[in-house]
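**Q** One structure follows; several queries about it will come next.
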Amino acid sequence: MLGAIIGIEEDTVLVKLNIDLNKFQNLVNLHVVMEDANDMLVGEIVDIKDGMAYVNLMGQIINNEFVFGVMRKPSFGASVKLISKEKIPMIISVDNPTERKDVFIGESPIYPGVRIGFNINDFFANHFAIFGSTGSGKSWGVARLIQSIFDKRSTVAYRASIFIFDAYGEYHAAFKSLNEKVPELSFKAYTTNTNISDTELLKIPLWLLTTDDIALLLNAESTNQLPIIEKALKLVGVFARDEEEVIKQKNDIIARAILDILSSGKNSSQIRDQIFSILSTYHTKDLNLETTIYQPGYARPLKQCLLIDASGKIREMELLTNFMQSFKDDSIELEMPDGSFKYGLEDFKIALDFALISEGALTSDKVYDEDNVLKVRLHNLLNGDYAKYFECDKYISRDDYIKSLLMADNGRKAQIINFNINYVDDRFAKTITKIYSKLLFEYAKNLERRASLPFHIILEEAHRYVQNDNDINLLGYNIFDRITKEGRKYGVLLGLISQRPSDLSETSISQCNNFLIFKMLHPRDIQYIRDMVPNITNEIVKRLRVLQPGNCIAFGNAFHVPVLIKMDKPSPPPSSSSCDISENWFIDRK
């Protein structure tokens, strides 16, 4: 017996100790059982002062199982004892573990030798977050967490699909030897570094992107820009394909654009120059500057019909108008591309240019000012270093592309797919993660057997990408918020790894059900965790500042109670160690 209950204040039980504290180890953070004829309640000693132990109620043991939460308080006559060694795993770990259903990631610093684990479904069937300041051991913890899935002796997580967006390229070292440890498993890596020859360069087929994806790629800022992007996507299906297949559509599009210019009211020089500009770039064998226009008695090339007479007028305006009208075909209806044909940035540039023309950018200063910025950004992308990520040699369908991501070089399924996005700026890295996350989410939604192929998307430095962006106003949704709200039923789960949780989207973090929190120091982040994370107590918040590197507090669906874990060392570790200043600074004197 530790002592007698002398008071109860809300969920704190006051126990007058009747033991010699000098003969015991430190009792703080140990668990006690308060048992009477009706209940067996469990609590944690959070403080000892003046011979008094303050015990926070946590749950109760019913039918030899621990249940979190209490329905009533202990009686004053209840016996108070330290929990037995046999019952400790029932409270803070896994009782009666099985290799297929449970994993272990560390041990308890409070109870030496007690392994800490959780049920795989309770953790990995939910979104989770891992927070920690720089140097807290966060990256080691992430590596250990994932390695624990594959450290099984009698079973293999062959159908696991873990996509890691690696902000610093540090996880390659932790997982590259996966196949050497377990021959059935495979690791696959993509990089944004064009100077590395032994790792596959990240390539995104442009034809798999939707209006929303292109809007993010071009950093669209207004919903008024979306119709131009959508029009360009409809046009790319015409301009990127062989002329013989789509010549009627091309003629119709070009003729309508020229008719708009002819009726724009601009002066003759502007009309002539704009028509010359269009037909110099966009033309067919039927409709170009050299096309012969016939009229009674003679014929002439189209370009001659654009001559301006002495009065400053285009004399053949009516003739040109009638000629262009002959190419209009009201039965033609442009459709959005369905991913069934290949096109690239250059094709999309032509389509966007013509979309701007057909929407009146040449005749309206307002349209030009608002939408021409998209053209400028596409030009910069096309002529910049990032264009290489969209240079795909062969056509591939959306489903086959996702399957290719999951296929390792050895022809077997890859369980870990690592995207090293260290070599692009944060804006482009955010766009990449959003595009891939949306592709994976849409693929999973369309599976015939829902949630039959779970995808885990792990975002390192998630605060750079999972933010309260303009996406809600621009597109009507943020893909990360959508995944956190809808992804569980389709088997698409997010893992948010961050050192600045206060910069994360509130919607996304509020949907996380499990947390591993390493040492945190910044007051704003600690307060944010206190406000946003469910079931967090003042005791947990107090511990966050004093955790040793490699130790974390874990709580959520997968844990019966908040538990302190000393994480196992990952083998091999990620490349996340700090710079060794003394080693780099000093040399020995000769």
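Residue names in the structure tokens use chain letters A, B, ... in the order shown, residue numbers from 1 in each chain, and ligand numbers from 1 in the order shown.
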Excluding A:Thr192 and its own-chain neighbours fewer than 3 positions away, which residues fall within 7 Å of it when counting only C-alpha atoms? Please give them as a PDB file with all heavy atoms, in the first residue's frame.
**A**
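Contents of around-v8.pdb, as written:
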ATOM      1  N   LEU A 201      15.484  10.551 -62.238  1.00  0.00           N
ATOM      2  CA  LEU A 201      15.033  11.938 -62.154  1.00  0.00           C
ATOM      3  C   LEU A 201      13.511  11.969 -62.112  1.00  0.00           C
ATOM      4  O   LEU A 201      12.835  11.265 -62.854  1.00  0.00           O
ATOM      5  CB  LEU A 201      15.538  12.741 -63.352  1.00  0.00           C
ATOM      6  CG  LEU A 201      15.306  14.256 -63.303  1.00  0.00           C
ATOM      7  CD1 LEU A 201      16.136  14.883 -62.193  1.00  0.00           C
ATOM      8  CD2 LEU A 201      15.643  14.899 -64.651  1.00  0.00           C
ATOM      9  N   LEU A 202      12.988  12.785 -61.234  1.00  0.00           N
ATOM     10  CA  LEU A 202      11.546  12.942 -61.118  1.00  0.00           C
ATOM     11  C   LEU A 202      10.965  13.460 -62.437  1.00  0.00           C
ATOM     12  O   LEU A 202      11.449  14.444 -62.989  1.00  0.00           O
ATOM     13  CB  LEU A 202      11.241  13.913 -59.976  1.00  0.00           C
ATOM     14  CG  LEU A 202       9.794  14.224 -59.636  1.00  0.00           C
ATOM     15  CD1 LEU A 202       9.681  14.487 -58.135  1.00  0.00           C
ATOM     16  CD2 LEU A 202       9.291  15.437 -60.397  1.00  0.00           C
ATOM     17  N   ASN A 420      13.263  12.894 -53.414  1.00  0.00           N
ATOM     18  CA  ASN A 420      14.208  13.883 -52.888  1.00  0.00           C
ATOM     19  C   ASN A 420      13.908  15.219 -53.566  1.00  0.00           C
ATOM     20  O   ASN A 420      14.268  15.444 -54.728  1.00  0.00           O
ATOM     21  CB  ASN A 420      15.645  13.436 -53.180  1.00  0.00           C
ATOM     22  CG  ASN A 420      16.678  14.402 -52.628  1.00  0.00           C
ATOM     23  OD1 ASN A 420      16.363  15.521 -52.229  1.00  0.00           O
ATOM     24  ND2 ASN A 420      17.940  13.983 -52.609  1.00  0.00           N
ATOM     25  N   ILE A 421      13.258  16.130 -52.857  1.00  0.00           N
ATOM     26  CA  ILE A 421      12.874  17.431 -53.419  1.00  0.00           C
ATOM     27  C   ILE A 421      13.750  18.552 -52.870  1.00  0.00           C
ATOM     28  O   ILE A 421      13.354  19.717 -52.830  1.00  0.00           O
ATOM     29  CB  ILE A 421      11.380  17.722 -53.169  1.00  0.00           C
ATOM     30  CG1 ILE A 421      11.036  17.577 -51.681  1.00  0.00           C
ATOM     31  CG2 ILE A 421      10.514  16.780 -53.998  1.00  0.00           C
ATOM     32  CD1 ILE A 421       9.585  17.938 -51.362  1.00  0.00           C
ATOM     33  N   ASN A 422      14.961  18.177 -52.511  1.00  0.00           N
ATOM     34  CA  ASN A 422      15.902  19.130 -51.916  1.00  0.00           C
ATOM     35  C   ASN A 422      16.432  20.144 -52.917  1.00  0.00           C
ATOM     36  O   ASN A 422      16.936  21.197 -52.522  1.00  0.00           O
ATOM     37  CB  ASN A 422      17.072  18.344 -51.300  1.00  0.00           C
ATOM     38  CG  ASN A 422      18.032  19.232 -50.532  1.00  0.00           C
ATOM     39  OD1 ASN A 422      17.622  20.171 -49.865  1.00  0.00           O
ATOM     40  ND2 ASN A 422      19.320  18.952 -50.644  1.00  0.00           N
ATOM     41  N   TYR A 423      16.307  19.869 -54.223  1.00  0.00           N
ATOM     42  CA  TYR A 423      16.993  20.686 -55.223  1.00  0.00           C
ATOM     43  C   TYR A 423      16.060  21.633 -55.976  1.00  0.00           C
ATOM     44  O   TYR A 423      16.422  22.158 -57.023  1.00  0.00           O
ATOM     45  CB  TYR A 423      17.740  19.769 -56.205  1.00  0.00           C
ATOM     46  CG  TYR A 423      18.758  18.913 -55.494  1.00  0.00           C
ATOM     47  CD1 TYR A 423      18.427  17.622 -55.075  1.00  0.00           C
ATOM     48  CD2 TYR A 423      20.023  19.403 -55.195  1.00  0.00           C
ATOM     49  CE1 TYR A 423      19.349  16.841 -54.392  1.00  0.00           C
ATOM     50  CE2 TYR A 423      20.951  18.629 -54.509  1.00  0.00           C
ATOM     51  CZ  TYR A 423      20.606  17.348 -54.112  1.00  0.00           C
ATOM     52  OH  TYR A 423      21.518  16.573 -53.425  1.00  0.00           O
ATOM     53  N   VAL A 424      14.862  21.838 -55.450  1.00  0.00           N
ATOM     54  CA  VAL A 424      13.940  22.822 -56.019  1.00  0.00           C
ATOM     55  C   VAL A 424      13.501  23.753 -54.896  1.00  0.00           C
ATOM     56  O   VAL A 424      13.610  23.422 -53.718  1.00  0.00           O
ATOM     57  CB  VAL A 424      12.713  22.141 -56.666  1.00  0.00           C
ATOM     58  CG1 VAL A 424      13.142  21.303 -57.862  1.00  0.00           C
ATOM     59  CG2 VAL A 424      11.951  21.274 -55.660  1.00  0.00           C
TER      60      VAL A 424
END
**Q** Leaving out A:Cys552 and any residue of its chain fewer than 4 positions from it, which residues lie within 6 Å of it when counting only C-alpha atoms, given as an NGL selection string?
**A** :A and (517-518 or 564-565)
**Q** How would the residues just picked look written out with all heavy atoms as a JSON list (two decimals), in the first residue's frame?
**A**
[["chain", "number", "residue", "atom", "x", "y", "z"],
["A", 517, "ILE", "N", 5.53, 13.47, -30.30],
["A", 517, "ILE", "CA", 6.06, 14.82, -30.14],
["A", 517, "ILE", "C", 7.39, 14.75, -29.40],
["A", 517, "ILE", "O", 7.47, 14.31, -28.26],
["A", 517, "ILE", "CB", 5.08, 15.72, -29.38],
["A", 517, "ILE", "CG1", 3.72, 15.73, -30.10],
["A", 517, "ILE", "CG2", 5.62, 17.14, -29.29],
["A", 517, "ILE", "CD1", 2.70, 16.65, -29.50],
["A", 518, "PHE", "N", 8.43, 15.20, -30.10],
["A", 518, "PHE", "CA", 9.77, 15.27, -29.52],
["A", 518, "PHE", "C", 9.95, 16.64, -28.86],
["A", 518, "PHE", "O", 8.99, 17.42, -28.76],
["A", 518, "PHE", "CB", 10.81, 15.03, -30.62],
["A", 518, "PHE", "CG", 10.81, 13.62, -31.15],
["A", 518, "PHE", "CD1", 9.84, 13.19, -32.05],
["A", 518, "PHE", "CD2", 11.78, 12.71, -30.75],
["A", 518, "PHE", "CE1", 9.82, 11.90, -32.54],
["A", 518, "PHE", "CE2", 11.77, 11.40, -31.23],
["A", 518, "PHE", "CZ", 10.79, 10.99, -32.12],
["A", 564, "LEU", "N", 5.62, 8.10, -22.61],
["A", 564, "LEU", "CA", 6.98, 8.54, -22.92],
["A", 564, "LEU", "C", 7.74, 7.38, -23.54],
["A", 564, "LEU", "O", 7.75, 6.27, -23.01],
["A", 564, "LEU", "CB", 7.67, 9.02, -21.65],
["A", 564, "LEU", "CG", 9.08, 9.60, -21.79],
["A", 564, "LEU", "CD1", 9.09, 10.84, -22.68],
["A", 564, "LEU", "CD2", 9.65, 9.94, -20.41],
["A", 565, "ILE", "N", 8.38, 7.64, -24.69],
["A", 565, "ILE", "CA", 9.09, 6.58, -25.42],
["A", 565, "ILE", "C", 10.54, 7.01, -25.68],
["A", 565, "ILE", "O", 10.78, 8.11, -26.17],
["A", 565, "ILE", "CB", 8.43, 6.27, -26.78],
["A", 565, "ILE", "CG1", 6.95, 5.94, -26.62],
["A", 565, "ILE", "CG2", 9.15, 5.12, -27.48],
["A", 565, "ILE", "CD1", 6.21, 5.74, -27.93]]
**Q** Within 10 Å of A:Leu145, counting only C-alpha atoms, which residues show up once you throw out same-chain ones fewer than 2 positions away? Write them as an MDAnalysis selection string, please.
**A** chainID A and resid 103:106 139:143 147:150 567:568 570
**Q** For stretch 227-237 of chain A, find every residue with an atom within 7 Å (counting only C-alpha atoms), except residues of its own chain fewer than 5 positions away, and show them as a list of chain:residue names.
**A**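 The residues satisfying every condition are A:Thr211, A:Leu334, A:Glu335, A:Met336, A:Pro337, A:Asp347, A:Phe348, A:Ala351, A:Leu352, A:Ala355, A:Leu356.
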**Q** Residues near stretch 33-36 of chain A, anyone? I mean within 7 Å using only C-alpha atoms, not counting same-chain ones fewer than 3 positions away, as a PyMOL selection string.
**A** chain A and resi 39-43+74+78-83
**Q** Could you save the residues just selected, with C-alpha atoms, as a compact mmCIF listing (two decimals), in the first residue's frame?
**A**
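again21.txt was written with the following content:
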# COMPACT_ATOMS: atom_id res chain seq x y z
CA ASP A 39 -13.65 -0.72 -9.47
CA MET A 40 -10.00 -0.98 -10.37
CA LEU A 41 -9.00 2.55 -11.40
CA VAL A 42 -5.63 3.52 -12.88
CA GLY A 43 -3.83 6.82 -12.43
CA PRO A 74 -12.44 5.95 -6.46
CA ALA A 78 -9.82 2.02 -2.05
CA SER A 79 -6.38 0.46 -1.72
CA VAL A 80 -3.64 2.37 -3.59
CA LYS A 81 -0.77 0.29 -5.00
CA LEU A 82 1.88 0.65 -7.66
CA ILE A 83 0.80 -1.20 -10.76
**Q** Within 12 Å of A:Asn38, counting only C-alpha atoms, which residues show up once you throw out same-chain ones fewer than 6 positions away? Write them as a list in words, please.
**A** Gln60, Ile61, Ile62, Arg72, Lys73, Pro74, Ser75, Gly77, Ala78 and Ser79 of chain A
**Q** Keeping only all heavy atoms, write the selected residues to a file as a PDB file, in the first residue's frame.
**A**
ATOM      1  N   GLN A  60      -9.583   2.696 -16.291  1.00  0.00           N
ATOM      2  CA  GLN A  60      -9.830   1.604 -15.368  1.00  0.00           C
ATOM      3  C   GLN A  60      -9.629   0.266 -16.072  1.00  0.00           C
ATOM      4  O   GLN A  60      -9.651   0.187 -17.305  1.00  0.00           O
ATOM      5  CB  GLN A  60     -11.236   1.690 -14.784  1.00  0.00           C
ATOM      6  CG  GLN A  60     -12.357   1.677 -15.797  1.00  0.00           C
ATOM      7  CD  GLN A  60     -13.702   1.958 -15.150  1.00  0.00           C
ATOM      8  OE1 GLN A  60     -14.380   2.886 -15.521  1.00  0.00           O
ATOM      9  NE2 GLN A  60     -14.086   1.149 -14.163  1.00  0.00           N
ATOM     10  N   ILE A  61      -9.413  -0.742 -15.267  1.00  0.00           N
ATOM     11  CA  ILE A  61      -9.231  -2.091 -15.785  1.00  0.00           C
ATOM     12  C   ILE A  61     -10.545  -2.833 -15.631  1.00  0.00           C
ATOM     13  O   ILE A  61     -11.075  -2.973 -14.518  1.00  0.00           O
ATOM     14  CB  ILE A  61      -8.095  -2.820 -15.047  1.00  0.00           C
ATOM     15  CG1 ILE A  61      -6.764  -2.099 -15.307  1.00  0.00           C
ATOM     16  CG2 ILE A  61      -8.002  -4.272 -15.511  1.00  0.00           C
ATOM     17  CD1 ILE A  61      -5.590  -2.660 -14.536  1.00  0.00           C
ATOM     18  N   ILE A  62     -11.079  -3.269 -16.794  1.00  0.00           N
ATOM     19  CA  ILE A  62     -12.354  -3.989 -16.814  1.00  0.00           C
ATOM     20  C   ILE A  62     -12.132  -5.312 -17.542  1.00  0.00           C
ATOM     21  O   ILE A  62     -11.655  -5.331 -18.676  1.00  0.00           O
ATOM     22  CB  ILE A  62     -13.448  -3.174 -17.534  1.00  0.00           C
ATOM     23  CG1 ILE A  62     -13.631  -1.802 -16.855  1.00  0.00           C
ATOM     24  CG2 ILE A  62     -14.757  -3.939 -17.576  1.00  0.00           C
ATOM     25  CD1 ILE A  62     -14.602  -0.889 -17.577  1.00  0.00           C
ATOM     26  N   ARG A  72     -16.448   7.145 -12.826  1.00  0.00           N
ATOM     27  CA  ARG A  72     -16.665   7.610 -11.461  1.00  0.00           C
ATOM     28  C   ARG A  72     -15.340   7.629 -10.724  1.00  0.00           C
ATOM     29  O   ARG A  72     -14.348   7.068 -11.175  1.00  0.00           O
ATOM     30  CB  ARG A  72     -17.680   6.734 -10.741  1.00  0.00           C
ATOM     31  CG  ARG A  72     -17.385   5.249 -10.768  1.00  0.00           C
ATOM     32  CD  ARG A  72     -18.537   4.468 -10.181  1.00  0.00           C
ATOM     33  NE  ARG A  72     -18.325   3.022 -10.267  1.00  0.00           N
ATOM     34  CZ  ARG A  72     -19.232   2.150  -9.876  1.00  0.00           C
ATOM     35  NH1 ARG A  72     -20.374   2.572  -9.356  1.00  0.00           N
ATOM     36  NH2 ARG A  72     -18.982   0.851  -9.982  1.00  0.00           N
ATOM     37  N   LYS A  73     -15.339   8.262  -9.594  1.00  0.00           N
ATOM     38  CA  LYS A  73     -14.132   8.447  -8.808  1.00  0.00           C
ATOM     39  C   LYS A  73     -13.938   7.258  -7.859  1.00  0.00           C
ATOM     40  O   LYS A  73     -14.879   6.540  -7.533  1.00  0.00           O
ATOM     41  CB  LYS A  73     -14.216   9.747  -7.993  1.00  0.00           C
ATOM     42  CG  LYS A  73     -14.505  10.989  -8.822  1.00  0.00           C
ATOM     43  CD  LYS A  73     -13.404  11.269  -9.830  1.00  0.00           C
ATOM     44  CE  LYS A  73     -13.569  12.642 -10.483  1.00  0.00           C
ATOM     45  NZ  LYS A  73     -14.646  12.687 -11.471  1.00  0.00           N
ATOM     46  N   PRO A  74     -12.688   7.060  -7.419  1.00  0.00           N
ATOM     47  CA  PRO A  74     -12.440   5.955  -6.463  1.00  0.00           C
ATOM     48  C   PRO A  74     -13.039   6.273  -5.090  1.00  0.00           C
ATOM     49  O   PRO A  74     -13.244   7.440  -4.736  1.00  0.00           O
ATOM     50  CB  PRO A  74     -10.917   5.885  -6.405  1.00  0.00           C
ATOM     51  CG  PRO A  74     -10.471   7.279  -6.710  1.00  0.00           C
ATOM     52  CD  PRO A  74     -11.446   7.805  -7.720  1.00  0.00           C
ATOM     53  N   SER A  75     -13.329   5.225  -4.338  1.00  0.00           N
ATOM     54  CA  SER A  75     -13.822   5.428  -2.978  1.00  0.00           C
ATOM     55  C   SER A  75     -12.640   5.781  -2.073  1.00  0.00           C
ATOM     56  O   SER A  75     -11.490   5.462  -2.365  1.00  0.00           O
ATOM     57  CB  SER A  75     -14.515   4.162  -2.476  1.00  0.00           C
ATOM     58  OG  SER A  75     -13.578   3.091  -2.359  1.00  0.00           O
ATOM     59  N   GLY A  77     -11.944   4.470   0.599  1.00  0.00           N
ATOM     60  CA  GLY A  77     -11.399   3.258   1.204  1.00  0.00           C
ATOM     61  C   GLY A  77     -10.637   2.396   0.222  1.00  0.00           C
ATOM     62  O   GLY A  77     -10.157   1.313   0.605  1.00  0.00           O
ATOM     63  N   ALA A  78     -10.511   2.823  -1.031  1.00  0.00           N
ATOM     64  CA  ALA A  78      -9.816   2.016  -2.046  1.00  0.00           C
ATOM     65  C   ALA A  78      -8.345   1.866  -1.684  1.00  0.00           C
ATOM     66  O   ALA A  78      -7.707   2.805  -1.182  1.00  0.00           O
ATOM     67  CB  ALA A  78      -9.964   2.654  -3.420  1.00  0.00           C
ATOM     68  N   SER A  79      -7.806   0.688  -1.952  1.00  0.00           N
ATOM     69  CA  SER A  79      -6.383   0.464  -1.724  1.00  0.00           C
ATOM     70  C   SER A  79      -5.592   1.079  -2.880  1.00  0.00           C
ATOM     71  O   SER A  79      -6.004   1.008  -4.038  1.00  0.00           O
ATOM     72  CB  SER A  79      -6.081  -1.028  -1.632  1.00  0.00           C
ATOM     73  OG  SER A  79      -6.382  -1.678  -2.858  1.00  0.00           O
TER      74      SER A  79
END
**Q** Which one of A:Pro523, A:Lys250, A:Lys138, A:Met532 sits closest to A:Leu547 if you count only C-alpha atoms?
**A**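 Going through A:Pro523, A:Lys250, A:Lys138, A:Met532 one by one, the smallest distance to A:Leu547 is for A:Lys138.
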**Q** Taking the DSSP secondary structure from the backbone, can you list the residues of stretch 344-479 of chain A that are strand (DSSP E), as a list in words?
**A**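 Restricting stretch 344-479 of chain A to strand (DSSP E) produces Ile416, Ile417, Asn418, Phe419, Asn420, Phe455, His456, Ile457, Ile458 and Leu459 of chain A.
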**Q** Can I get the selection written as a PDB file, in the first residue's frame, with C-alpha atoms?
**A**
ATOM      1  CA  ILE A 416       9.024   2.840 -49.939  1.00  0.00           C
ATOM      2  CA  ILE A 417       9.126   5.479 -52.675  1.00  0.00           C
ATOM      3  CA  ASN A 418      11.342   8.415 -51.763  1.00  0.00           C
ATOM      4  CA  PHE A 419      11.126  11.768 -53.568  1.00  0.00           C
ATOM      5  CA  ASN A 420      14.208  13.883 -52.888  1.00  0.00           C
ATOM      6  CA  PHE A 455      -1.078   4.854 -49.712  1.00  0.00           C
ATOM      7  CA  HIS A 456       0.832   6.625 -46.946  1.00  0.00           C
ATOM      8  CA  ILE A 457       2.094  10.086 -47.896  1.00  0.00           C
ATOM      9  CA  ILE A 458       4.863  11.256 -45.546  1.00  0.00           C
ATOM     10  CA  LEU A 459       5.679  14.972 -45.769  1.00  0.00           C
TER      11      LEU A 459
END
**Q** For A:Glu221, work out the shell of residues within 12 Å, counting only C-alpha atoms and skipping chain neighbours fewer than 2 positions away, then give it as a PyMOL selection string.
**A** chain A and resi 212+214-219+223-226+370-371+373-374+469-475
**Q** Go ahead and save the picked residues with N, CA, C and O atoms, as a short mmCIF file (atom, residue, chain, number, x, y, z; two decimals), in the first residue's frame.
**A**
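selection.cif, freshly written:
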data_model
loop_
_atom_site.label_atom_id
_atom_site.label_comp_id
_atom_site.auth_asym_id
_atom_site.auth_seq_id
_atom_site.Cartn_x
_atom_site.Cartn_y
_atom_site.Cartn_z
N ASP A 212 -6.83 22.26 -62.16
CA ASP A 212 -6.37 22.64 -60.82
C ASP A 212 -4.86 22.51 -60.70
O ASP A 212 -4.19 23.37 -60.10
N ILE A 214 -2.59 22.61 -63.13
CA ILE A 214 -1.93 23.65 -63.93
C ILE A 214 -2.02 24.99 -63.23
O ILE A 214 -1.06 25.79 -63.26
N ALA A 215 -3.15 25.26 -62.58
CA ALA A 215 -3.31 26.51 -61.84
C ALA A 215 -2.25 26.62 -60.74
O ALA A 215 -1.66 27.69 -60.52
N LEU A 216 -2.00 25.52 -60.04
CA LEU A 216 -0.96 25.53 -59.01
C LEU A 216 0.42 25.68 -59.63
O LEU A 216 1.27 26.41 -59.11
N LEU A 217 0.63 25.02 -60.75
CA LEU A 217 1.94 25.06 -61.42
C LEU A 217 2.27 26.47 -61.88
O LEU A 217 3.42 26.90 -61.80
N LEU A 218 1.27 27.19 -62.34
CA LEU A 218 1.48 28.55 -62.84
C LEU A 218 1.20 29.60 -61.77
O LEU A 218 1.18 30.80 -62.07
N ASN A 219 0.96 29.14 -60.55
CA ASN A 219 0.74 30.05 -59.42
C ASN A 219 -0.40 31.02 -59.72
O ASN A 219 -0.28 32.23 -59.49
N THR A 223 -9.70 33.30 -59.55
CA THR A 223 -10.60 32.34 -60.19
C THR A 223 -10.87 32.74 -61.64
O THR A 223 -11.25 31.89 -62.46
N ASN A 224 -10.68 34.02 -61.98
CA ASN A 224 -10.87 34.47 -63.36
C ASN A 224 -9.83 33.88 -64.31
O ASN A 224 -10.04 33.88 -65.53
N GLN A 225 -8.72 33.37 -63.76
CA GLN A 225 -7.68 32.78 -64.60
C GLN A 225 -7.97 31.32 -64.92
O GLN A 225 -7.40 30.76 -65.85
N LEU A 226 -8.86 30.69 -64.16
CA LEU A 226 -9.14 29.27 -64.38
C LEU A 226 -9.79 28.99 -65.74
O LEU A 226 -9.43 28.00 -66.39
N GLU A 370 -4.81 40.67 -66.87
CA GLU A 370 -5.11 39.66 -65.85
C GLU A 370 -4.55 38.29 -66.21
O GLU A 370 -4.09 37.55 -65.35
N ASP A 371 -4.59 37.94 -67.50
CA ASP A 371 -4.25 36.57 -67.90
C ASP A 371 -2.87 36.42 -68.52
O ASP A 371 -2.35 35.31 -68.60
N VAL A 373 -0.16 37.19 -67.29
CA VAL A 373 0.81 36.76 -66.28
C VAL A 373 0.98 35.24 -66.33
O VAL A 373 2.08 34.72 -66.06
N LEU A 374 -0.08 34.51 -66.69
CA LEU A 374 0.03 33.05 -66.84
C LEU A 374 0.98 32.70 -67.97
O LEU A 374 1.78 31.77 -67.86
N ASP A 469 -3.34 27.85 -47.56
CA ASP A 469 -3.06 28.54 -48.81
C ASP A 469 -4.31 29.16 -49.41
O ASP A 469 -5.43 29.00 -48.91
N ASN A 470 -4.10 29.81 -50.57
CA ASN A 470 -5.20 30.41 -51.32
C ASN A 470 -6.01 29.35 -52.08
O ASN A 470 -6.98 29.69 -52.75
N ASP A 471 -5.62 28.09 -51.96
CA ASP A 471 -6.28 27.02 -52.72
C ASP A 471 -7.80 27.00 -52.49
O ASP A 471 -8.57 26.73 -53.41
N ILE A 472 -8.22 27.23 -51.24
CA ILE A 472 -9.65 27.20 -50.92
C ILE A 472 -10.39 28.23 -51.75
O ILE A 472 -11.45 27.95 -52.33
N ASN A 473 -9.85 29.45 -51.83
CA ASN A 473 -10.50 30.50 -52.60
C ASN A 473 -10.37 30.27 -54.10
O ASN A 473 -11.28 30.58 -54.87
N LEU A 474 -9.22 29.73 -54.53
CA LEU A 474 -8.95 29.56 -55.96
C LEU A 474 -9.64 28.32 -56.52
O LEU A 474 -10.32 28.40 -57.56
N LEU A 475 -9.46 27.18 -55.85
CA LEU A 475 -9.94 25.90 -56.38
C LEU A 475 -11.16 25.36 -55.65
O LEU A 475 -11.82 24.45 -56.14
#
**Q** Give me, as a list in words, the residues of stretch 495-560 of chain A that a backbone DSSP run labels helix (DSSP H, G or I).
**A** Pro501, Ser502, Asp503, Glu506, Thr507, Ser508, Ile509, Ser510, Pro523, Arg524, Asp525, Ile526, Gln527, Tyr528, Ile529, Arg530, Asp531, Met532, Asn538, Glu539, Ile540, Val541, Lys542, Arg543 and Leu544 of chain A
**Q** If you take only C-alpha atoms and a cut-off of 12 Å, which residues of stretch 80-181 of chain A touch stretch 524-530 of chain A, and what are their nearest atom pairs and distances in Å to one decimal, in chain and number order, as a tab-separated table?
**A**
residue	atom	partner	partner_atom	distance
A:Ala129	CA	A:Ile529	CA	11.0
A:Ile130	CA	A:Ile529	CA	11.4
A:Phe131	CA	A:Ile529	CA	9.4
A:Gly132	CA	A:Asp525	CA	9.7
A:Ser133	CA	A:Asp525	CA	9.6
**Q** With only C-alpha atoms as the atoms that count, which of A:Leu21, A:Met520, A:Ala444, A:Ile275 lies nearest to A:Val492?
**A**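 Once distances to A:Val492 are computed over only C-alpha atoms, the minimum belongs to A:Ala444.
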**Q** Report the distance between atom CA of A:Ser576 and atom CA of A:Glu170 in Å, rounded to one decimal place.
**A**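 These two atoms are separated by 5.8 Å.
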**Q** Of the candidates A:Lys438, A:Ala408, A:Ile6, A:Leu262, which shows the shortest atom-to-atom distance to A:Glu200, using only C-alpha atoms?
**A**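 Selected residue with least distance to A:Glu200: A:Ala408.
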**Q** One decimal, Å: what's the distance from atom CA of A:Phe66 over to atom CA of A:Pro89, could you say?
**A**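 Calculated distance between atom CA of A:Phe66 and atom CA of A:Pro89 is 9.9 Å.
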